>>> print(open('upload_9.pdb').read())   # PDB, C-alpha atoms
MODEL        1
ATOM      1  CA  MET M   1       4.670 -20.700  25.017
ATOM      2  CA  THR M   2       7.230 -19.180  27.356
ATOM      3  CA  ASP M   3      10.758 -20.145  28.282
ATOM      4  CA  ALA M   4      12.536 -19.296  31.507
ATOM      5  CA  MET M   5      16.116 -18.101  31.094
ATOM      6  CA  THR M   6      18.659 -17.152  33.717
ATOM      7  CA  ASP M   7      20.781 -14.092  32.929
ATOM      8  CA  ALA M   8      24.421 -15.151  33.449
ATOM      9  CA  THR M   9      25.489 -11.671  34.593
ATOM     10  CA  ASN M  10      23.067 -11.219  37.464
ATOM     11  CA  GLY M  11      21.450 -14.622  38.011
ATOM     12  CA  VAL M  12      17.947 -13.199  37.501
ATOM     13  CA  GLU M  13      15.444 -15.478  35.809
ATOM     14  CA  THR M  14      13.474 -13.866  33.005
ATOM     15  CA  VAL M  15      10.588 -15.235  31.005
ATOM     16  CA  THR M  16      10.637 -14.887  27.240
ATOM     17  CA  ARG M  17       8.060 -15.560  24.608
ATOM     18  CA  PRO M  18       8.178 -15.541  20.820
ATOM     19  CA  GLY M  19       7.320 -12.345  19.001
ATOM     20  CA  ARG M  20       4.085 -12.163  17.049
ATOM     21  CA  SER M  21       4.663 -12.423  13.314
ATOM     22  CA  SER M  22       2.266 -10.994  10.771
ATOM     23  CA  GLY M  23       2.280 -14.014   8.460
ATOM     24  CA  VAL M  24       4.356 -15.735   5.793
ATOM     25  CA  ASN M  25       6.384 -13.262   3.749
ATOM     26  CA  HIS M  26       7.598 -15.473   0.912
ATOM     27  CA  LEU M  27       8.357 -19.031  -0.120
ATOM     28  CA  VAL M  28      11.560 -20.329  -1.734
ATOM     29  CA  LEU M  29      11.418 -23.521  -3.795
ATOM     30  CA  ASN M  30      14.373 -25.501  -5.129
ATOM     31  CA  VAL M  31      13.487 -26.604  -8.665
ATOM     32  CA  ARG M  32      14.982 -29.052 -11.147
ATOM     33  CA  ASP M  33      14.172 -26.953 -14.257
ATOM     34  CA  LEU M  34      14.090 -23.206 -13.672
ATOM     35  CA  GLU M  35      12.652 -22.448 -17.123
ATOM     36  CA  ALA M  36       9.752 -24.913 -16.712
ATOM     37  CA  SER M  37       8.986 -23.533 -13.250
ATOM     38  CA  HIS M  38       9.272 -19.967 -14.570
ATOM     39  CA  ARG M  39       6.659 -20.715 -17.241
ATOM     40  CA  PHE M  40       4.339 -22.341 -14.674
ATOM     41  CA  TYR M  41       4.424 -19.458 -12.202
ATOM     42  CA  THR M  42       4.175 -16.730 -14.868
ATOM     43  CA  GLU M  43       2.005 -18.230 -17.621
ATOM     44  CA  ILE M  44      -0.205 -20.505 -15.490
ATOM     45  CA  LEU M  45      -0.477 -18.574 -12.215
ATOM     46  CA  GLY M  46       0.098 -15.124 -13.680
ATOM     47  CA  TRP M  47       2.845 -13.961 -11.325
ATOM     48  CA  GLU M  48       5.342 -11.334 -12.384
ATOM     49  CA  HIS M  49       9.041 -12.186 -12.634
ATOM     50  CA  HIS M  50      10.319  -9.278 -10.576
ATOM     51  CA  GLY M  51      14.003  -9.911  -9.968
ATOM     52  CA  THR M  52      16.973 -12.167 -10.595
ATOM     53  CA  LEU M  53      19.922 -12.914  -8.347
ATOM     54  CA  ASP M  54      23.368 -12.372  -9.844
ATOM     55  CA  PRO M  55      24.098 -15.819 -11.382
ATOM     56  CA  LYS M  56      27.643 -15.661  -9.980
ATOM     57  CA  ARG M  57      25.991 -16.135  -6.576
ATOM     58  CA  ARG M  58      23.181 -18.589  -7.436
ATOM     59  CA  VAL M  59      20.661 -19.217 -10.206
ATOM     60  CA  MET M  60      17.595 -17.746  -8.516
ATOM     61  CA  ARG M  61      14.563 -15.742  -9.656
ATOM     62  CA  PHE M  62      11.953 -13.773  -7.703
ATOM     63  CA  TYR M  63       8.214 -13.477  -8.421
ATOM     64  CA  ARG M  64       5.311 -11.469  -7.084
ATOM     65  CA  ALA M  65       1.548 -11.771  -7.309
ATOM     66  CA  THR M  66       0.794  -8.070  -6.868
ATOM     67  CA  PRO M  67       2.808  -4.915  -7.538
ATOM     68  CA  ASP M  68       2.794  -3.816  -3.889
ATOM     69  CA  ARG M  69       5.223  -6.616  -2.888
ATOM     70  CA  HIS M  70       8.908  -7.172  -3.638
ATOM     71  CA  HIS M  71       8.369 -10.946  -3.966
ATOM     72  CA  ASP M  72       6.117 -13.751  -2.813
ATOM     73  CA  LEU M  73       8.127 -16.615  -4.261
ATOM     74  CA  ALA M  74      11.694 -17.372  -5.234
ATOM     75  CA  LEU M  75      12.826 -20.269  -7.402
ATOM     76  CA  VAL M  76      16.327 -21.728  -7.041
ATOM     77  CA  GLN M  77      17.819 -23.980  -9.710
ATOM     78  CA  VAL M  78      19.302 -27.091  -8.056
ATOM     79  CA  ASP M  79      22.896 -27.892  -8.963
ATOM     80  CA  SER M  80      22.365 -31.454 -10.232
ATOM     81  CA  PRO M  81      18.782 -31.848 -11.507
ATOM     82  CA  ASP M  82      19.529 -35.237 -13.078
ATOM     83  CA  GLN M  83      20.361 -36.616  -9.615
ATOM     84  CA  GLU M  84      17.009 -35.572  -8.131
ATOM     85  CA  PRO M  85      14.362 -38.242  -7.506
ATOM     86  CA  ALA M  86      11.606 -38.541 -10.092
ATOM     87  CA  VAL M  87       8.653 -36.194  -9.695
ATOM     88  CA  SER M  88       5.983 -37.971  -7.677
ATOM     89  CA  ARG M  89       2.275 -37.314  -8.043
ATOM     90  CA  TRP M  90       1.047 -34.849  -5.416
ATOM     91  CA  SER M  91      -1.390 -36.107  -2.811
ATOM     92  CA  MET M  92      -3.089 -34.336   0.073
ATOM     93  CA  ALA M  93      -2.470 -37.503   2.090
ATOM     94  CA  GLY M  94       1.118 -36.474   2.755
ATOM     95  CA  SER M  95       2.990 -39.225   0.960
ATOM     96  CA  ARG M  96       6.381 -37.549   1.460
ATOM     97  CA  VAL M  97       8.117 -35.383   4.031
ATOM     98  CA  GLY M  98       8.318 -31.689   3.213
ATOM     99  CA  LEU M  99       5.989 -29.164   1.691
ATOM    100  CA  ASN M 100       2.437 -30.450   1.267
ATOM    101  CA  HIS M 101       1.030 -27.517  -0.655
ATOM    102  CA  VAL M 102       1.041 -23.754  -1.027
ATOM    103  CA  ALA M 103      -2.294 -21.920  -1.076
ATOM    104  CA  ILE M 104      -2.586 -19.048  -3.536
ATOM    105  CA  THR M 105      -5.586 -16.842  -2.965
ATOM    106  CA  PHE M 106      -7.606 -14.906  -5.491
ATOM    107  CA  PRO M 107      -9.402 -11.770  -4.346
ATOM    108  CA  ASN M 108     -12.954 -12.895  -5.162
ATOM    109  CA  ARG M 109     -15.147 -15.550  -6.727
ATOM    110  CA  GLU M 110     -15.060 -13.968 -10.188
ATOM    111  CA  GLU M 111     -11.248 -13.941 -10.329
ATOM    112  CA  PHE M 112     -11.181 -17.520  -9.011
ATOM    113  CA  VAL M 113     -13.576 -18.766 -11.708
ATOM    114  CA  ALA M 114     -11.562 -16.915 -14.365
ATOM    115  CA  GLN M 115      -8.445 -18.677 -13.053
ATOM    116  CA  LEU M 116     -10.192 -22.072 -13.228
ATOM    117  CA  GLU M 117     -11.001 -21.365 -16.880
ATOM    118  CA  HIS M 118      -7.408 -20.276 -17.533
ATOM    119  CA  LEU M 119      -6.002 -23.420 -15.892
ATOM    120  CA  ARG M 120      -8.302 -25.602 -17.987
ATOM    121  CA  ALA M 121      -7.358 -23.706 -21.200
ATOM    122  CA  LYS M 122      -3.659 -24.304 -20.399
ATOM    123  CA  GLY M 123      -4.278 -28.046 -19.914
ATOM    124  CA  VAL M 124      -3.538 -28.067 -16.180
ATOM    125  CA  GLU M 125      -4.887 -31.180 -14.444
ATOM    126  CA  PHE M 126      -7.251 -30.615 -11.527
ATOM    127  CA  LEU M 127      -6.105 -33.068  -8.832
ATOM    128  CA  VAL M 128      -8.697 -32.136  -6.191
ATOM    129  CA  ARG M 129     -11.556 -29.638  -6.395
ATOM    130  CA  GLY M 130     -13.762 -28.819  -3.445
ATOM    131  CA  ASP M 131     -15.626 -26.631  -1.011
ATOM    132  CA  HIS M 132     -13.573 -26.395   2.195
ATOM    133  CA  GLY M 133     -16.099 -24.418   4.199
ATOM    134  CA  MET M 134     -13.794 -21.397   4.433
ATOM    135  CA  THR M 135     -12.579 -21.559   0.863
ATOM    136  CA  HIS M 136     -13.469 -22.922  -2.537
ATOM    137  CA  SER M 137     -10.379 -24.544  -4.005
ATOM    138  CA  VAL M 138      -8.713 -26.463  -6.775
ATOM    139  CA  TYR M 139      -5.439 -28.320  -6.222
ATOM    140  CA  ILE M 140      -2.897 -28.597  -9.011
ATOM    141  CA  ALA M 141       0.834 -29.387  -9.114
ATOM    142  CA  ASP M 142       3.819 -27.412 -10.349
ATOM    143  CA  PRO M 143       6.497 -29.037 -12.571
ATOM    144  CA  ASP M 144       8.301 -30.451  -9.512
ATOM    145  CA  GLY M 145       5.152 -32.019  -8.071
ATOM    146  CA  ASN M 146       4.602 -29.384  -5.369
ATOM    147  CA  GLY M 147       0.935 -29.058  -4.479
ATOM    148  CA  ILE M 148      -0.606 -25.687  -5.307
ATOM    149  CA  GLU M 149      -4.029 -24.815  -3.911
ATOM    150  CA  VAL M 150      -5.774 -22.080  -5.897
ATOM    151  CA  LEU M 151      -8.601 -20.602  -3.835
ATOM    152  CA  TYR M 152     -10.800 -17.761  -2.796
ATOM    153  CA  GLU M 153     -12.169 -17.208   0.692
ATOM    154  CA  VAL M 154     -15.923 -17.372   1.129
ATOM    155  CA  PRO M 155     -17.500 -14.605   3.232
ATOM    156  CA  ALA M 156     -16.469 -14.897   6.890
ATOM    157  CA  GLU M 157     -20.070 -14.903   8.112
ATOM    158  CA  ALA M 158     -20.402 -18.396   6.593
ATOM    159  CA  TRP M 159     -17.683 -19.956   8.786
ATOM    160  CA  GLU M 160     -16.615 -17.649  11.642
ATOM    161  CA  ALA M 161     -19.169 -19.013  14.137
ATOM    162  CA  ASP M 162     -17.529 -22.476  13.972
ATOM    163  CA  VAL M 163     -13.981 -22.380  12.634
ATOM    164  CA  ASN M 164     -13.361 -26.053  13.502
ATOM    165  CA  GLY M 165     -16.561 -27.086  11.762
ATOM    166  CA  ALA M 166     -15.422 -25.284   8.620
ATOM    167  CA  LEU M 167     -11.873 -26.678   8.868
ATOM    168  CA  ASN M 168     -13.239 -30.217   9.081
ATOM    169  CA  TYR M 169     -15.680 -29.809   6.205
ATOM    170  CA  PHE M 170     -14.908 -30.842   2.652
ATOM    171  CA  ALA M 171     -17.353 -31.356  -0.205
ATOM    172  CA  PRO M 172     -15.647 -32.679  -3.345
ATOM    173  CA  LEU M 173     -16.499 -31.057  -6.662
ATOM    174  CA  PRO M 174     -16.050 -32.368 -10.226
ATOM    175  CA  LEU M 175     -12.541 -32.460 -11.682
ATOM    176  CA  ASP M 176     -13.476 -32.489 -15.370
ATOM    177  CA  GLY M 177     -15.945 -31.025 -17.817
ATOM    178  CA  ALA M 178     -18.080 -27.896 -17.542
ATOM    179  CA  ALA M 179     -19.081 -28.740 -13.949
ATOM    180  CA  SER M 180     -15.444 -28.389 -12.824
ATOM    181  CA  LEU M 181     -15.596 -24.700 -13.792
ATOM    182  CA  GLN M 182     -18.784 -23.965 -11.848
ATOM    183  CA  ASP M 183     -18.771 -22.338  -8.424
ATOM    184  CA  SER M 184     -21.847 -21.988  -6.244
ATOM    185  CA  ILE M 185     -22.516 -19.007  -4.012
ATOM    186  CA  ASP M 186     -24.848 -21.149  -1.916
ATOM    187  CA  TYR M 187     -22.212 -21.240   0.828
ATOM    188  CA  LYS M 188     -22.533 -23.714   3.666
ATOM    189  CA  HIS M 189     -23.003 -21.867   6.959
ATOM    190  CA  PHE M 190     -21.496 -23.233  10.155
ATOM    191  CA  ASP M 191     -23.457 -22.620  13.338
ATOM    192  CA  PRO M 192     -21.748 -22.244  16.725
ATOM    193  CA  PRO M 193     -21.025 -25.631  18.313
ATOM    194  CA  LEU M 194     -23.430 -26.758  21.027
ATOM    195  CA  GLY M 195     -22.318 -26.820  24.638
TER     196      GLY M 195
ENDMDL
END
>>> encode(input="upload_9.pdb", output="structure tokens")
Amino acid sequence: MTDAMTDATNGVETVTRPGRSSGVNHLVLNVRDLEASHRFYTEILGWEHHGTLDPKRRVMRFYRATPDRHHDLALVQVDSPDQEPAVSRWSMAGSRVGLNHVAITFPNREEFVAQLEHLRAKGVEFLVRGDHGMTHSVYIADPDGNGIEVLYEVPAEAWEADVNGALNYFAPLPLDGAASLQDSIDYKHFDPPLG
């Protein structure tokens, strides 16, 4: 996308375009109960509490998933939590305006399966579990009802020949019992589209 602009000093039209970013740096969530959210992101997702804003400025904490980052997430305590609407059940269908979900990646299948077992041991409800073609995922919700997708990426050779095919693929997996903790390495492969 480009935009034409006319320089007011010399009347010359120039064409601009947005710079190329390297991705999302961090996410900031307003929360109704900072302590409950703190426990979720540290005890359930295993992130490190890595910093705190001076409370004279704002009640805000910073978290990171790996030690090579300053923070991936910040949590801000809202001023009047009792005036916030009730927490609604998360749905992929997009039942409300705003954040649908945040995807948190694990480095490999083994770490992902270990995280599934940890989530189950902590009593976290699996809302959706499935094979997305590019990822294997479980969707859960944080204390404020924000959708959290926990995933690992399957090898690129399974999906890179047809990205759209993989994006449009979803095979649901069990939400409960031992089967909900299983993960197959029999990855679906997407062939290049015809024509």
>>> atom_distance(input="upload_9.pdb", atom1="CA of Gly133 (chain M)", atom2="CA of Gln115 (chain M)")
19.7 Å
>>> atom_distance(input="upload_9.pdb", atom1="CA of Arg39 (chain M)", atom2="CA of Phe62 (chain M)")
12.9 Å
>>> resolve_selection(input="upload_9.pdb", expression="the PyMOL selection byres ((chain M and resi 186) around 12)", output="PDB file with C-alpha atoms, keeping the file's coordinate frame")
ATOM      1  CA  ASP M 131     -15.626 -26.631  -1.011  1.00  0.00           C
ATOM      2  CA  GLY M 133     -16.099 -24.418   4.199  1.00  0.00           C
ATOM      3  CA  HIS M 136     -13.469 -22.922  -2.537  1.00  0.00           C
ATOM      4  CA  VAL M 154     -15.923 -17.372   1.129  1.00  0.00           C
ATOM      5  CA  PRO M 155     -17.500 -14.605   3.232  1.00  0.00           C
ATOM      6  CA  ALA M 158     -20.402 -18.396   6.593  1.00  0.00           C
ATOM      7  CA  GLN M 182     -18.784 -23.965 -11.848  1.00  0.00           C
ATOM      8  CA  ASP M 183     -18.771 -22.338  -8.424  1.00  0.00           C
ATOM      9  CA  SER M 184     -21.847 -21.988  -6.244  1.00  0.00           C
ATOM     10  CA  ILE M 185     -22.516 -19.007  -4.012  1.00  0.00           C
ATOM     11  CA  TYR M 187     -22.212 -21.240   0.828  1.00  0.00           C
ATOM     12  CA  LYS M 188     -22.533 -23.714   3.666  1.00  0.00           C
ATOM     13  CA  HIS M 189     -23.003 -21.867   6.959  1.00  0.00           C
TER      14      HIS M 189
END
>>> closest_atom_pairs(input="upload_9.pdb", of="region 96-191 of chain M", to="region 12-27 of chain M", cutoff="12 Å", atoms="all atoms listed in the file", output="tab-separated table")
residue	atom	partner	partner_atom	distance
M:Leu99	CA	M:Leu27	CA	10.6
M:His101	CA	M:Leu27	CA	11.2
M:Val102	CA	M:Leu27	CA	8.8
M:Ala103	CA	M:Leu27	CA	11.1
M:Ile104	CA	M:Leu27	CA	11.5
>>> axis_aligned_box(input="upload_9.pdb", around="region 133-136 of chain M", padding_each_side="6 Å", output="lines of an AutoDock Vina configuration file")
center_x = -14.3
center_y = -22.9
center_z = 0.9
size_x = 15.5
size_y = 15.0
size_z = 19.0
>>> atom_distance(input="upload_9.pdb", atom1="CA of His38 (chain M)", atom2="CA of Leu73 (chain M)")
10.9 Å
>>> residues_near_point(input="upload_9.pdb", point="(15.4, -34.0, -14.4)", cutoff="6 Å", atoms="only C-alpha atoms", output="compact mmCIF listing (two decimals) with C-alpha atoms, keeping the file's coordinate frame")
# COMPACT_ATOMS: atom_id res chain seq x y z
CA ARG M 32 14.98 -29.05 -11.15
CA PRO M 81 18.78 -31.85 -11.51
CA ASP M 82 19.53 -35.24 -13.08
>>> build_atoms(input="upload_9.pdb", residues="region 153-183 of chain M", atoms="N, CA and C atoms", output="mmCIF file, in the frame of the given file")
data_model
loop_
_atom_site.group_PDB
_atom_site.id
_atom_site.type_symbol
_atom_site.label_atom_id
_atom_site.label_comp_id
_atom_site.auth_asym_id
_atom_site.auth_seq_id
_atom_site.Cartn_x
_atom_site.Cartn_y
_atom_site.Cartn_z
ATOM 1 N N GLU M 153 -11.525 -17.052 -0.606
ATOM 2 C CA GLU M 153 -12.169 -17.208 0.692
ATOM 3 C C GLU M 153 -13.625 -16.811 0.589
ATOM 4 N N VAL M 154 -14.497 -17.694 1.107
ATOM 5 C CA VAL M 154 -15.923 -17.372 1.129
ATOM 6 C C VAL M 154 -16.146 -16.324 2.229
ATOM 7 N N PRO M 155 -17.268 -15.619 2.203
ATOM 8 C CA PRO M 155 -17.500 -14.605 3.232
ATOM 9 C C PRO M 155 -17.382 -15.186 4.649
ATOM 10 N N ALA M 156 -16.740 -14.431 5.522
ATOM 11 C CA ALA M 156 -16.469 -14.897 6.890
ATOM 12 C C ALA M 156 -17.736 -15.259 7.653
ATOM 13 N N GLU M 157 -18.843 -14.590 7.370
ATOM 14 C CA GLU M 157 -20.070 -14.903 8.112
ATOM 15 C C GLU M 157 -20.534 -16.338 7.884
ATOM 16 N N ALA M 158 -20.033 -17.001 6.842
ATOM 17 C CA ALA M 158 -20.402 -18.396 6.593
ATOM 18 C C ALA M 158 -19.692 -19.348 7.553
ATOM 19 N N TRP M 159 -18.482 -19.002 8.017
ATOM 20 C CA TRP M 159 -17.683 -19.956 8.786
ATOM 21 C C TRP M 159 -17.210 -19.463 10.147
ATOM 22 N N GLU M 160 -17.256 -18.166 10.431
ATOM 23 C CA GLU M 160 -16.615 -17.649 11.642
ATOM 24 C C GLU M 160 -17.262 -18.116 12.939
ATOM 25 N N ALA M 161 -18.515 -18.541 12.905
ATOM 26 C CA ALA M 161 -19.169 -19.013 14.137
ATOM 27 C C ALA M 161 -18.654 -20.383 14.568
ATOM 28 N N ASP M 162 -18.070 -21.156 13.634
ATOM 29 C CA ASP M 162 -17.529 -22.476 13.972
ATOM 30 C C ASP M 162 -16.334 -22.769 13.063
ATOM 31 N N VAL M 163 -15.197 -22.211 13.427
ATOM 32 C CA VAL M 163 -13.981 -22.380 12.634
ATOM 33 C C VAL M 163 -13.632 -23.859 12.489
ATOM 34 N N ASN M 164 -13.700 -24.631 13.582
ATOM 35 C CA ASN M 164 -13.361 -26.053 13.502
ATOM 36 C C ASN M 164 -14.324 -26.806 12.604
ATOM 37 N N GLY M 165 -15.593 -26.456 12.656
ATOM 38 C CA GLY M 165 -16.561 -27.086 11.762
ATOM 39 C C GLY M 165 -16.197 -26.847 10.306
ATOM 40 N N ALA M 166 -15.814 -25.608 9.994
ATOM 41 C CA ALA M 166 -15.422 -25.284 8.620
ATOM 42 C C ALA M 166 -14.120 -25.976 8.235
ATOM 43 N N LEU M 167 -13.152 -26.015 9.157
ATOM 44 C CA LEU M 167 -11.873 -26.678 8.868
ATOM 45 C C LEU M 167 -12.047 -28.166 8.583
ATOM 46 N N ASN M 168 -13.020 -28.784 9.233
ATOM 47 C CA ASN M 168 -13.239 -30.217 9.081
ATOM 48 C C ASN M 168 -14.209 -30.576 7.965
ATOM 49 N N TYR M 169 -14.703 -29.591 7.268
ATOM 50 C CA TYR M 169 -15.680 -29.809 6.205
ATOM 51 C C TYR M 169 -14.969 -29.879 4.854
ATOM 52 N N PHE M 170 -15.376 -30.812 4.034
ATOM 53 C CA PHE M 170 -14.908 -30.842 2.652
ATOM 54 C C PHE M 170 -15.962 -31.513 1.789
ATOM 55 N N ALA M 171 -16.418 -30.808 0.774
ATOM 56 C CA ALA M 171 -17.353 -31.356 -0.205
ATOM 57 C C ALA M 171 -16.638 -31.387 -1.548
ATOM 58 N N PRO M 172 -16.352 -32.597 -2.063
ATOM 59 C CA PRO M 172 -15.647 -32.679 -3.345
ATOM 60 C C PRO M 172 -16.513 -32.162 -4.493
ATOM 61 N N LEU M 173 -15.848 -31.575 -5.466
ATOM 62 C CA LEU M 173 -16.499 -31.057 -6.662
ATOM 63 C C LEU M 173 -15.876 -31.719 -7.884
ATOM 64 N N PRO M 174 -16.557 -31.692 -9.023
ATOM 65 C CA PRO M 174 -16.050 -32.368 -10.226
ATOM 66 C C PRO M 174 -14.675 -31.860 -10.661
ATOM 67 N N LEU M 175 -13.890 -32.779 -11.212
ATOM 68 C CA LEU M 175 -12.541 -32.460 -11.682
ATOM 69 C C LEU M 175 -12.483 -32.185 -13.180
ATOM 70 N N ASP M 176 -13.495 -32.604 -13.917
ATOM 71 C CA ASP M 176 -13.476 -32.489 -15.370
ATOM 72 C C ASP M 176 -14.782 -31.917 -15.888
ATOM 73 N N GLY M 177 -14.743 -31.495 -17.134
ATOM 74 C CA GLY M 177 -15.945 -31.025 -17.817
ATOM 75 C C GLY M 177 -16.403 -29.665 -17.328
ATOM 76 N N ALA M 178 -17.535 -29.222 -17.863
ATOM 77 C CA ALA M 178 -18.080 -27.896 -17.542
ATOM 78 C C ALA M 178 -18.359 -27.743 -16.045
ATOM 79 N N ALA M 179 -18.758 -28.821 -15.380
ATOM 80 C CA ALA M 179 -19.081 -28.740 -13.949
ATOM 81 C C ALA M 179 -17.858 -28.382 -13.108
ATOM 82 N N SER M 180 -16.657 -28.699 -13.586
ATOM 83 C CA SER M 180 -15.444 -28.389 -12.824
ATOM 84 C C SER M 180 -15.142 -26.900 -12.821
ATOM 85 N N LEU M 181 -15.809 -26.141 -13.700
ATOM 86 C CA LEU M 181 -15.596 -24.700 -13.792
ATOM 87 C C LEU M 181 -16.714 -23.908 -13.120
ATOM 88 N N GLN M 182 -17.661 -24.609 -12.533
ATOM 89 C CA GLN M 182 -18.784 -23.965 -11.848
ATOM 90 C C GLN M 182 -18.415 -23.703 -10.395
ATOM 91 N N ASP M 183 -18.994 -22.637 -9.838
ATOM 92 C CA ASP M 183 -18.771 -22.338 -8.424
ATOM 93 C C ASP M 183 -20.044 -21.740 -7.838
#
